[in-house]
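Structure first, then comments.
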Amino acid sequence: MAIKITEECINCGACEPECPNNAIYEGGVEWAIADGTTVKGSYTLIDGSEVDAAAKQSPLSMDTYYITPNKCTECQGFHEEPQCASVCPVDCCVPDDMYQETVDALMARKERLHS
């Protein structure tokens with residue numbers, strides 16, 4: 001499943017540079033599939049909608065750092081554990097129960113993002 005950042009986030013920013021998928025953004029910042037990936041053109045999001053990979057999407061949080069589940073792979077294929085969780089000083093990077101996915105699904109996302 002994807003990782004989420006809870007309201008306990010202190011906005012230290014330690015997690016953002018650790019993400020190999022560039023799935024972590026500062027609160028209020030728009031995100032795009034193309035940011036930090038090799039994706040170009042059309043991309044299907046988790047909800048089934050199609051977007052241009054370079055199109056900016058609305059922030060998922062205005063106040064704290066957030067992780068877009070459309071790019072999170074729990075660091076599968078990169079690291080043994082989610083790097084955001086390993087560096088967070090307040091343990092606010094936790095599994096997101098809304099996005100339960102298998103390792104195979106996470107690895108497939110990694111391949112789509114970095115083909």
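Ordering of the structure tokens sets the chain letters (A, B, ...); residue numbers start at 1 within each chain; ligands are numbered from 1 in the order shown.
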- Task: Identify all residues of chain A in strand (DSSP E) (DSSP on the backbone) and supply them as a list of chain:residue names.
- Result: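 Here is the list: A:Ile3, A:Lys4, A:Ile5, A:Ile24, A:Tyr25, A:Ser42, A:Tyr43, A:Thr44, A:Glu50, A:Val51, A:Asp52, A:Tyr66, A:Ile67, A:Cys93, A:Val94, A:Pro95.
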Writing out the chosen residues with N, CA, C and O atoms as a short mmCIF file (atom, residue, chain, number, x, y, z; two decimals), in the first residue's frame:
data_model
loop_
_atom_site.label_atom_id
_atom_site.label_comp_id
_atom_site.auth_asym_id
_atom_site.auth_seq_id
_atom_site.Cartn_x
_atom_site.Cartn_y
_atom_site.Cartn_z
N ILE A 3 2.26 4.96 1.13
CA ILE A 3 2.55 5.58 2.42
C ILE A 3 1.88 6.95 2.43
O ILE A 3 1.76 7.61 1.40
N LYS A 4 1.43 7.38 3.60
CA LYS A 4 0.86 8.72 3.75
C LYS A 4 1.59 9.44 4.87
O LYS A 4 2.24 8.82 5.71
N ILE A 5 1.48 10.75 4.86
CA ILE A 5 2.06 11.59 5.91
C ILE A 5 0.90 12.11 6.75
O ILE A 5 -0.04 12.70 6.23
N ILE A 24 6.86 12.82 -2.98
CA ILE A 24 6.63 13.65 -1.80
C ILE A 24 6.77 15.12 -2.17
O ILE A 24 7.75 15.52 -2.80
N TYR A 25 5.78 15.89 -1.76
CA TYR A 25 5.75 17.32 -2.08
C TYR A 25 5.47 18.14 -0.82
O TYR A 25 4.78 17.68 0.08
N SER A 42 0.43 10.42 -21.95
CA SER A 42 -0.73 10.06 -21.15
C SER A 42 -0.36 9.05 -20.07
O SER A 42 0.45 8.15 -20.29
N TYR A 43 -1.00 9.19 -18.90
CA TYR A 43 -0.75 8.29 -17.78
C TYR A 43 -2.08 8.07 -17.05
O TYR A 43 -2.82 9.02 -16.81
N THR A 44 -2.35 6.83 -16.69
CA THR A 44 -3.58 6.51 -15.97
C THR A 44 -3.33 6.51 -14.47
O THR A 44 -2.47 5.77 -13.98
N GLU A 50 -7.26 9.60 -16.82
CA GLU A 50 -6.06 9.79 -17.62
C GLU A 50 -5.63 11.24 -17.56
O GLU A 50 -6.47 12.15 -17.68
N VAL A 51 -4.33 11.46 -17.37
CA VAL A 51 -3.78 12.81 -17.34
C VAL A 51 -2.53 12.85 -18.21
O VAL A 51 -1.93 11.81 -18.49
N ASP A 52 -2.16 14.03 -18.62
CA ASP A 52 -0.85 14.21 -19.25
C ASP A 52 0.17 14.17 -18.13
O ASP A 52 -0.02 14.82 -17.09
N TYR A 66 3.11 16.01 1.73
CA TYR A 66 2.20 14.92 1.39
C TYR A 66 2.86 13.99 0.38
O TYR A 66 3.83 14.35 -0.28
N ILE A 67 2.31 12.79 0.27
CA ILE A 67 2.77 11.79 -0.68
C ILE A 67 1.62 11.49 -1.63
O ILE A 67 0.52 11.15 -1.18
N CYS A 93 5.16 9.08 8.71
CA CYS A 93 5.02 8.41 7.41
C CYS A 93 4.58 6.97 7.68
O CYS A 93 5.38 6.15 8.15
N VAL A 94 3.31 6.71 7.42
CA VAL A 94 2.69 5.43 7.79
C VAL A 94 1.94 4.84 6.59
O VAL A 94 1.59 5.57 5.66
N PRO A 95 1.67 3.53 6.61
CA PRO A 95 0.89 2.93 5.52
C PRO A 95 -0.49 3.59 5.39
O PRO A 95 -1.13 3.91 6.38
#
- Determine which residues of chain A DSSP labels as alpha helix (DSSP H) from the backbone of this structure, then write them out as a ChimeraX atom specification. /A:83-87,103-113
- Message: as a list in words, please: the residues near Pro20 (chain A) (cut-off 10 Å, only C-alpha atoms, same-chain neighbours under 2 positions excluded).
- Response: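 Neighbouring residues, sequence-local ones excluded: Glu16, Pro17, Glu18, Asn22, Ala23, Ile24, Gly36, Thr37, Lys71, Cys72, Thr73, Glu74, Cys75, Gln76, Gly77, Phe78, His79, Pro82, Gln83, Cys84, Lys110 and His114 of chain A.
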- Message: Using only C-alpha atoms, which protein or nucleic acid residues come within 9 Å of Met1 (chain A)? Drop anything in the same chain fewer than 5 positions from it, and give the result as a VMD selection string.
- Response: chain A and resid 69 72 to 74 95 to 103 106
- Among listed residues A:Pro89, A:Leu60, A:Ala34, A:Ile46, nearest Ile10 (chain A) (using only C-alpha atoms):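 Between A:Pro89, A:Leu60, A:Ala34, A:Ile46, the residue approaching Ile10 (chain A) most closely is A:Pro89.
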- Message: Report, in Å to a single decimal, how far apart CA of Gly13 (chain A) and CA of Glu30 (chain A) are.
- Response: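 Those two atoms sit 16.0 Å apart.
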- Just give me the gap between CA of Asp35 (chain A) and CA of Cys92 (chain A) in Å, one decimal is fine.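 Interatomic distance, CA of Asp35 (chain A) to CA of Cys92 (chain A): 23.3 Å.
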- Task: Between A:Gly48, A:Cys9, A:Ser61, A:Cys19, single out the one closest to Glu81 (chain A), counting only C-alpha atoms.
- Result: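 Residue with the minimum atom-to-atom distance to Glu81 (chain A): A:Cys19.
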- Point-to-point distance in Å for CA of Thr38 (chain A) and CA of Ala105 (chain A):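 So the two atoms, CA of Ala105 (chain A) and CA of Thr38 (chain A), lie 18.3 Å apart.
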- Between A:Thr64, A:Gln57, A:Ser49, A:Thr6, which has the minimum distance to Ile33 (chain A) (counting only C-alpha atoms)?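 So, comparing all the options, the nearest one is A:Gln57.
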- For Thr68 (chain A), which of A:Lys40, A:Leu45, A:Val87, A:Arg112 is the closest residue, counting only C-alpha atoms?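 Closest candidate: A:Leu45.
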- Could you name the residues that touch Lys56 (chain A) at 7 Å or less, counting only C-alpha atoms, but leaving out those on the same chain fewer than 2 positions away, as a list of chain:residue names?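 With the cut-off at 7 Å, the set is A:Glu30, A:Trp31, A:Ala32, A:Ala54, A:Ser58.
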Filtering to N, CA and C atoms, could you give me those residues as a compact mmCIF listing (two decimals), in the first residue's frame?
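The file below, out-v5.txt, is the result:
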# COMPACT_ATOMS: atom_id res chain seq x y z
N GLU A 30 1.87 21.97 -6.24
CA GLU A 30 1.26 21.07 -7.21
C GLU A 30 2.24 19.96 -7.57
N TRP A 31 1.69 18.80 -7.98
CA TRP A 31 2.53 17.67 -8.35
C TRP A 31 2.21 17.23 -9.77
N ALA A 32 3.16 16.49 -10.36
CA ALA A 32 2.95 15.92 -11.69
C ALA A 32 3.61 14.55 -11.75
N ALA A 54 2.90 15.52 -17.63
CA ALA A 54 3.48 16.81 -17.24
C ALA A 54 2.47 17.77 -16.62
N SER A 58 -3.55 19.19 -8.43
CA SER A 58 -3.77 19.94 -7.19
C SER A 58 -3.05 19.29 -6.02
